[in-house]
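First the structure, in the form of structure tokens, and then the observations on it.
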Amino acid sequence: MVQTIKPIGDQGWIIYTQNESQIRELMRQIEQINPPWLIDLVPAYLSLGVFVQPDRNSLETAKMYLDSLSIEQTVEIISPPVISIPCCYEFQLDGGRICQQLQLTFEEVIAEHSQTIYTVYAIGFCPGFPYMGYLSDKLIGTSRLSTPRKQVLPGSVAITGRQTSIYPLPRPGGWNLIGRTPLILVDLHKNYFPLRIGDCVQFNRIDEQEFRNLEGELLPDWRQIQATKGQ
């Protein structure tokens, strides 16, 4: 049974687990049932926010249901396809800082970063910002900038700690900028968010010319492509 559940005021409950796979299993169970009191699920690395209808009965019903869930259940989770995202490492801004901290050449940094397949564990900070993990052992340990940049260009690929991400929109940021993708990850007007929790991502190294050729294109949504093929 789920052990650690705490209230989020009168809006719902937050569940804490010991690993990321347990969060995915809890989401799978809740989404499969899709209880009528459920408003939204907000996952993070080791927690899951469960937002419910704003009335006491729904709050208590949800707590009883969540208490009955099992995170020990072993279910084979079908892995999604690996999403290839082009990245031009020539647009790095913090390569020297990263190399100094990790005692690597930038070519080694690129090789490590681009050879790893990452999982999207959470989305937050700004619309569509994917928290992805985990970096290879050689890339773990870069600290954030002591003074965040006032604005980071959209598409900027960044690392810090054990994580990597992509700034989908122009925002302030303190992560180490390792490169930039030419693709658009978010279209707020069209409600277009192709990256979701559980997706697998790998960065594909491109040069500046390839960047210019692809600049402004949308990152394809594999779910929409799959749905179209099935029609």
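Starting from 1 in every chain, residues are counted up; chains themselves are A, B, ... following the order of the structure tokens, and ligands are numbered from 1 as listed.
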Query - Residue contacts of stretch 188-192 of chain A (12 Å, only C-alpha atoms) excluding same-chain residues fewer than 3 positions away, as a list in words - result: Cys126, Pro127, Gly128, Pro168, Leu169, Ile184, Leu185, Leu195, Arg196, Leu218, Leu219, Pro220, Asp221, Arg223 and Gln224 of chain A
List as a Markdown table every residue of stretch 54-110 of chain A that is in contact with stretch 202-208 of chain A, defined as an atom at most 6 Å from one of its atoms (using only C-alpha atoms), together with the nearest atom pair and the distance in Å rounded to one decimal, sorted by chain and then rising number.
| residue | atom | partner | partner_atom | distance |
| --- | --- | --- | --- | --- |
| A:Ser84 | CA | A:Gln202 | CA | 5.1 |
| A:Ile85 | CA | A:Phe203 | CA | 4.8 |
| A:Pro86 | CA | A:Asn204 | CA | 4.5 |
| A:Cys87 | CA | A:Arg205 | CA | 5.1 |
| A:Cys88 | CA | A:Ile206 | CA | 5.0 |
Query - Neighbour list for A:Gly12 as a list in words, cut-off 12 Å, only C-alpha atoms, skip fewer than 3 positions in-chain - result: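 The residues that qualify are Ile5, Lys6, Pro7, Ile8, Gly9, Ile15, Trp37, Leu38, Ile39, Asp40, Leu41, Val42, Leu48, Gly49, Val50, Phe51, Val52, Gln53, Pro54, Asp55, Arg56, Asn57, Ser58, Leu59, Glu60, Thr61, Ala62, Lys63 and Leu66 of chain A.
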Okay, now the selection with N, CA and C atoms, as a PDB file, in the first residue's frame?
ATOM      1  N   ILE A   5       1.208   9.855   2.290  1.00  0.00           N
ATOM      2  CA  ILE A   5       0.244  10.702   1.599  1.00  0.00           C
ATOM      3  C   ILE A   5      -0.034  11.911   2.489  1.00  0.00           C
ATOM      4  N   LYS A   6       0.120  13.094   1.929  1.00  0.00           N
ATOM      5  CA  LYS A   6      -0.114  14.316   2.691  1.00  0.00           C
ATOM      6  C   LYS A   6      -1.111  15.206   1.948  1.00  0.00           C
ATOM      7  N   PRO A   7      -1.918  15.975   2.677  1.00  0.00           N
ATOM      8  CA  PRO A   7      -2.906  16.834   2.019  1.00  0.00           C
ATOM      9  C   PRO A   7      -2.273  18.035   1.326  1.00  0.00           C
ATOM     10  N   ILE A   8      -2.889  18.458   0.233  1.00  0.00           N
ATOM     11  CA  ILE A   8      -2.537  19.724  -0.417  1.00  0.00           C
ATOM     12  C   ILE A   8      -3.694  20.671  -0.102  1.00  0.00           C
ATOM     13  N   GLY A   9      -3.731  21.152   1.109  1.00  0.00           N
ATOM     14  CA  GLY A   9      -4.848  21.976   1.551  1.00  0.00           C
ATOM     15  C   GLY A   9      -6.160  21.232   1.363  1.00  0.00           C
ATOM     16  N   ILE A  15       1.431  12.280  -2.995  1.00  0.00           N
ATOM     17  CA  ILE A  15       1.980  10.975  -2.653  1.00  0.00           C
ATOM     18  C   ILE A  15       3.492  11.016  -2.845  1.00  0.00           C
ATOM     19  N   TRP A  37     -13.917  11.972  -9.264  1.00  0.00           N
ATOM     20  CA  TRP A  37     -13.489  13.102  -8.438  1.00  0.00           C
ATOM     21  C   TRP A  37     -12.153  13.694  -8.890  1.00  0.00           C
ATOM     22  N   LEU A  38     -11.480  13.019  -9.834  1.00  0.00           N
ATOM     23  CA  LEU A  38     -10.140  13.448 -10.245  1.00  0.00           C
ATOM     24  C   LEU A  38     -10.185  14.667 -11.165  1.00  0.00           C
ATOM     25  N   ILE A  39      -9.367  15.670 -10.844  1.00  0.00           N
ATOM     26  CA  ILE A  39      -9.216  16.852 -11.697  1.00  0.00           C
ATOM     27  C   ILE A  39      -7.910  16.784 -12.485  1.00  0.00           C
ATOM     28  N   ASP A  40      -6.812  16.464 -11.786  1.00  0.00           N
ATOM     29  CA  ASP A  40      -5.516  16.481 -12.469  1.00  0.00           C
ATOM     30  C   ASP A  40      -4.491  15.679 -11.676  1.00  0.00           C
ATOM     31  N   LEU A  41      -3.480  15.182 -12.392  1.00  0.00           N
ATOM     32  CA  LEU A  41      -2.331  14.523 -11.795  1.00  0.00           C
ATOM     33  C   LEU A  41      -1.083  15.324 -12.162  1.00  0.00           C
ATOM     34  N   VAL A  42      -0.269  15.638 -11.177  1.00  0.00           N
ATOM     35  CA  VAL A  42       0.945  16.419 -11.421  1.00  0.00           C
ATOM     36  C   VAL A  42       2.133  15.628 -10.879  1.00  0.00           C
ATOM     37  N   LEU A  48       3.700  12.634  -6.457  1.00  0.00           N
ATOM     38  CA  LEU A  48       2.575  12.751  -7.390  1.00  0.00           C
ATOM     39  C   LEU A  48       1.473  13.555  -6.726  1.00  0.00           C
ATOM     40  N   GLY A  49       1.166  14.713  -7.294  1.00  0.00           N
ATOM     41  CA  GLY A  49       0.058  15.524  -6.805  1.00  0.00           C
ATOM     42  C   GLY A  49      -1.244  15.036  -7.429  1.00  0.00           C
ATOM     43  N   VAL A  50      -2.232  14.766  -6.592  1.00  0.00           N
ATOM     44  CA  VAL A  50      -3.543  14.292  -7.053  1.00  0.00           C
ATOM     45  C   VAL A  50      -4.569  15.349  -6.668  1.00  0.00           C
ATOM     46  N   PHE A  51      -5.056  16.081  -7.659  1.00  0.00           N
ATOM     47  CA  PHE A  51      -6.003  17.167  -7.403  1.00  0.00           C
ATOM     48  C   PHE A  51      -7.427  16.672  -7.640  1.00  0.00           C
ATOM     49  N   VAL A  52      -8.322  16.997  -6.687  1.00  0.00           N
ATOM     50  CA  VAL A  52      -9.674  16.436  -6.711  1.00  0.00           C
ATOM     51  C   VAL A  52     -10.726  17.542  -6.715  1.00  0.00           C
ATOM     52  N   GLN A  53     -11.963  17.141  -6.932  1.00  0.00           N
ATOM     53  CA  GLN A  53     -13.078  18.085  -6.893  1.00  0.00           C
ATOM     54  C   GLN A  53     -13.104  18.785  -5.532  1.00  0.00           C
ATOM     55  N   PRO A  54     -13.364  20.088  -5.518  1.00  0.00           N
ATOM     56  CA  PRO A  54     -13.255  20.858  -4.272  1.00  0.00           C
ATOM     57  C   PRO A  54     -14.437  20.666  -3.314  1.00  0.00           C
ATOM     58  N   ASP A  55     -14.590  19.486  -2.770  1.00  0.00           N
ATOM     59  CA  ASP A  55     -15.578  19.261  -1.718  1.00  0.00           C
ATOM     60  C   ASP A  55     -15.046  18.177  -0.786  1.00  0.00           C
ATOM     61  N   ARG A  56     -15.491  18.198   0.439  1.00  0.00           N
ATOM     62  CA  ARG A  56     -14.938  17.308   1.463  1.00  0.00           C
ATOM     63  C   ARG A  56     -15.155  15.835   1.124  1.00  0.00           C
ATOM     64  N   ASN A  57     -16.312  15.513   0.552  1.00  0.00           N
ATOM     65  CA  ASN A  57     -16.602  14.126   0.221  1.00  0.00           C
ATOM     66  C   ASN A  57     -15.594  13.580  -0.790  1.00  0.00           C
ATOM     67  N   SER A  58     -15.287  14.391  -1.818  1.00  0.00           N
ATOM     68  CA  SER A  58     -14.320  13.968  -2.831  1.00  0.00           C
ATOM     69  C   SER A  58     -12.936  13.793  -2.214  1.00  0.00           C
ATOM     70  N   LEU A  59     -12.582  14.693  -1.300  1.00  0.00           N
ATOM     71  CA  LEU A  59     -11.277  14.634  -0.661  1.00  0.00           C
ATOM     72  C   LEU A  59     -11.117  13.340   0.137  1.00  0.00           C
ATOM     73  N   GLU A  60     -12.149  12.992   0.890  1.00  0.00           N
ATOM     74  CA  GLU A  60     -12.092  11.778   1.702  1.00  0.00           C
ATOM     75  C   GLU A  60     -12.151  10.516   0.835  1.00  0.00           C
ATOM     76  N   THR A  61     -12.992  10.555  -0.213  1.00  0.00           N
ATOM     77  CA  THR A  61     -13.091   9.414  -1.128  1.00  0.00           C
ATOM     78  C   THR A  61     -11.763   9.166  -1.822  1.00  0.00           C
ATOM     79  N   ALA A  62     -11.119  10.247  -2.246  1.00  0.00           N
ATOM     80  CA  ALA A  62      -9.827  10.131  -2.911  1.00  0.00           C
ATOM     81  C   ALA A  62      -8.781   9.541  -1.972  1.00  0.00           C
ATOM     82  N   LYS A  63      -8.787   9.974  -0.707  1.00  0.00           N
ATOM     83  CA  LYS A  63      -7.814   9.463   0.259  1.00  0.00           C
ATOM     84  C   LYS A  63      -7.998   7.962   0.460  1.00  0.00           C
ATOM     85  N   LEU A  66      -6.620   6.240  -2.681  1.00  0.00           N
ATOM     86  CA  LEU A  66      -5.159   6.299  -2.772  1.00  0.00           C
ATOM     87  C   LEU A  66      -4.511   5.373  -1.750  1.00  0.00           C
TER      88      LEU A  66
END
**Report entry** Expected answer as an MDAnalysis selection string: helix (DSSP H, G or I) residues in stretch 15-231 of chain A
**Finding:** chainID A and resid 20:33 56:68 89:91 95:102 106:115 137:139 208:214 222:229
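Distances from A:Leu183, A:Ala122, A:Ile117, A:Leu214 to A:Ile23 were compared using only C-alpha atoms, and the smallest one belongs to A:Ala122.
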Query raised in the report: Which of these residues is nearest to A:Gly179, using only C-alpha atoms: A:Leu104, A:Val152, A:Met132, A:Ile225?
Result: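 The closest residue to A:Gly179 is A:Val152.
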Requested in this report: Please report, as an NGL selection string, each residue of chain A to which DSSP assigns strand (DSSP E or B) when run on this structure's backbone.
Outcome: :A and (4-7 or 12-16 or 38-43 or 47-52 or 82-88 or 118-123 or 130-133 or 142 or 149-152 or 156-161 or 163-167 or 171-173 or 176-180 or 184 or 187 or 192 or 200-205 or 218)
Write to file, as a compact mmCIF listing (two decimals), in the first residue's frame, the residues of the selection just made, with C-alpha atoms.
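Saved the output as result.txt:
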# COMPACT_ATOMS: atom_id res chain seq x y z
CA THR A 4 3.21 8.54 2.56
CA ILE A 5 0.24 10.70 1.60
CA LYS A 6 -0.11 14.32 2.69
CA PRO A 7 -2.91 16.83 2.02
CA GLY A 12 -6.11 17.07 -2.98
CA TRP A 13 -3.25 14.86 -1.88
CA ILE A 14 0.43 14.44 -2.61
CA ILE A 15 1.98 10.97 -2.65
CA TYR A 16 5.69 10.46 -1.96
CA LEU A 38 -10.14 13.45 -10.25
CA ILE A 39 -9.22 16.85 -11.70
CA ASP A 40 -5.52 16.48 -12.47
CA LEU A 41 -2.33 14.52 -11.79
CA VAL A 42 0.95 16.42 -11.42
CA PRO A 43 3.96 14.08 -11.30
CA SER A 47 5.99 12.67 -5.78
CA LEU A 48 2.57 12.75 -7.39
CA GLY A 49 0.06 15.52 -6.81
CA VAL A 50 -3.54 14.29 -7.05
CA PHE A 51 -6.00 17.17 -7.40
CA VAL A 52 -9.67 16.44 -6.71
CA VAL A 82 12.95 7.32 -28.45
CA ILE A 83 12.40 10.91 -29.56
CA SER A 84 15.42 12.25 -31.41
CA ILE A 85 16.00 15.95 -30.80
CA PRO A 86 18.66 17.73 -32.89
CA CYS A 87 21.12 19.78 -30.86
CA CYS A 88 23.76 22.16 -32.14
CA TYR A 118 16.83 10.32 -21.11
CA THR A 119 13.42 9.92 -19.52
CA VAL A 120 11.08 12.89 -19.00
CA TYR A 121 10.31 12.66 -15.28
CA ALA A 122 8.55 15.96 -14.73
CA ILE A 123 7.40 19.09 -16.54
CA PRO A 130 11.05 18.88 -19.36
CA TYR A 131 13.11 17.68 -16.41
CA MET A 132 15.01 14.74 -17.89
CA GLY A 133 17.37 12.23 -16.36
CA THR A 142 27.79 20.68 -12.66
CA ARG A 149 20.79 34.76 -16.86
CA LYS A 150 17.97 37.25 -17.22
CA GLN A 151 16.80 35.50 -20.38
CA VAL A 152 17.66 32.18 -22.02
CA SER A 156 18.57 26.10 -25.29
CA VAL A 157 19.73 22.69 -24.06
CA ALA A 158 21.06 22.71 -20.51
CA ILE A 159 22.47 20.51 -17.76
CA THR A 160 22.88 20.72 -14.00
CA GLY A 161 23.31 18.16 -11.25
CA GLN A 163 19.53 16.44 -15.07
CA THR A 164 19.27 17.84 -18.56
CA SER A 165 16.52 19.94 -20.08
CA ILE A 166 15.46 22.27 -22.89
CA TYR A 167 14.16 25.79 -22.36
CA ARG A 171 12.88 32.61 -19.60
CA PRO A 172 15.46 33.50 -16.95
CA GLY A 173 17.65 30.51 -16.15
CA ASN A 176 24.57 25.41 -17.83
CA LEU A 177 23.83 25.92 -21.53
CA ILE A 178 25.41 23.13 -23.54
CA GLY A 179 23.79 23.70 -26.96
CA ARG A 180 20.55 24.57 -28.69
CA ILE A 184 9.96 24.43 -31.33
CA ASP A 187 3.07 26.29 -29.09
CA TYR A 192 0.93 21.91 -28.52
CA CYS A 200 12.33 8.96 -23.90
CA VAL A 201 14.65 11.51 -25.51
CA GLN A 202 18.06 11.36 -27.17
CA PHE A 203 19.96 14.34 -28.54
CA ASN A 204 21.28 14.17 -32.09
CA ARG A 205 24.33 16.31 -32.81
CA LEU A 218 7.87 21.91 -34.61
Report task. Would you kindly return, as a ChimeraX atom specification, each protein, DNA or RNA residue with an atom no farther than 7 Å from any atom of A:Pro182, considering only C-alpha atoms and excluding same-chain residues fewer than 3 positions away? Result -> /A:155,211,214-216
Take the residues just selected and output them with N, CA and C atoms as a short mmCIF file (atom, residue, chain, number, x, y, z; two decimals), in the first residue's frame.
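So part-v9.cif came out as:
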data_model
loop_
_atom_site.label_atom_id
_atom_site.label_comp_id
_atom_site.auth_asym_id
_atom_site.auth_seq_id
_atom_site.Cartn_x
_atom_site.Cartn_y
_atom_site.Cartn_z
N GLY A 155 14.81 26.82 -26.91
CA GLY A 155 15.55 25.77 -27.57
C GLY A 155 16.89 25.47 -26.92
N PHE A 211 21.24 23.35 -38.26
CA PHE A 211 20.40 24.12 -37.34
C PHE A 211 19.57 25.13 -38.13
N LEU A 214 16.68 23.61 -40.08
CA LEU A 214 15.55 23.09 -39.30
C LEU A 214 14.88 24.16 -38.42
N GLU A 215 15.50 25.31 -38.35
CA GLU A 215 15.04 26.34 -37.42
C GLU A 215 13.57 26.70 -37.64
N GLY A 216 12.81 26.67 -36.56
CA GLY A 216 11.40 27.06 -36.62
C GLY A 216 10.43 25.92 -36.83
#
Query raised in the report: Any idea what the distance is between atom CA of A:Asn213 and atom CA of A:Ser114?
Result: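 Atom-to-atom, atom CA of A:Asn213 to atom CA of A:Ser114, that is 20.2 Å.
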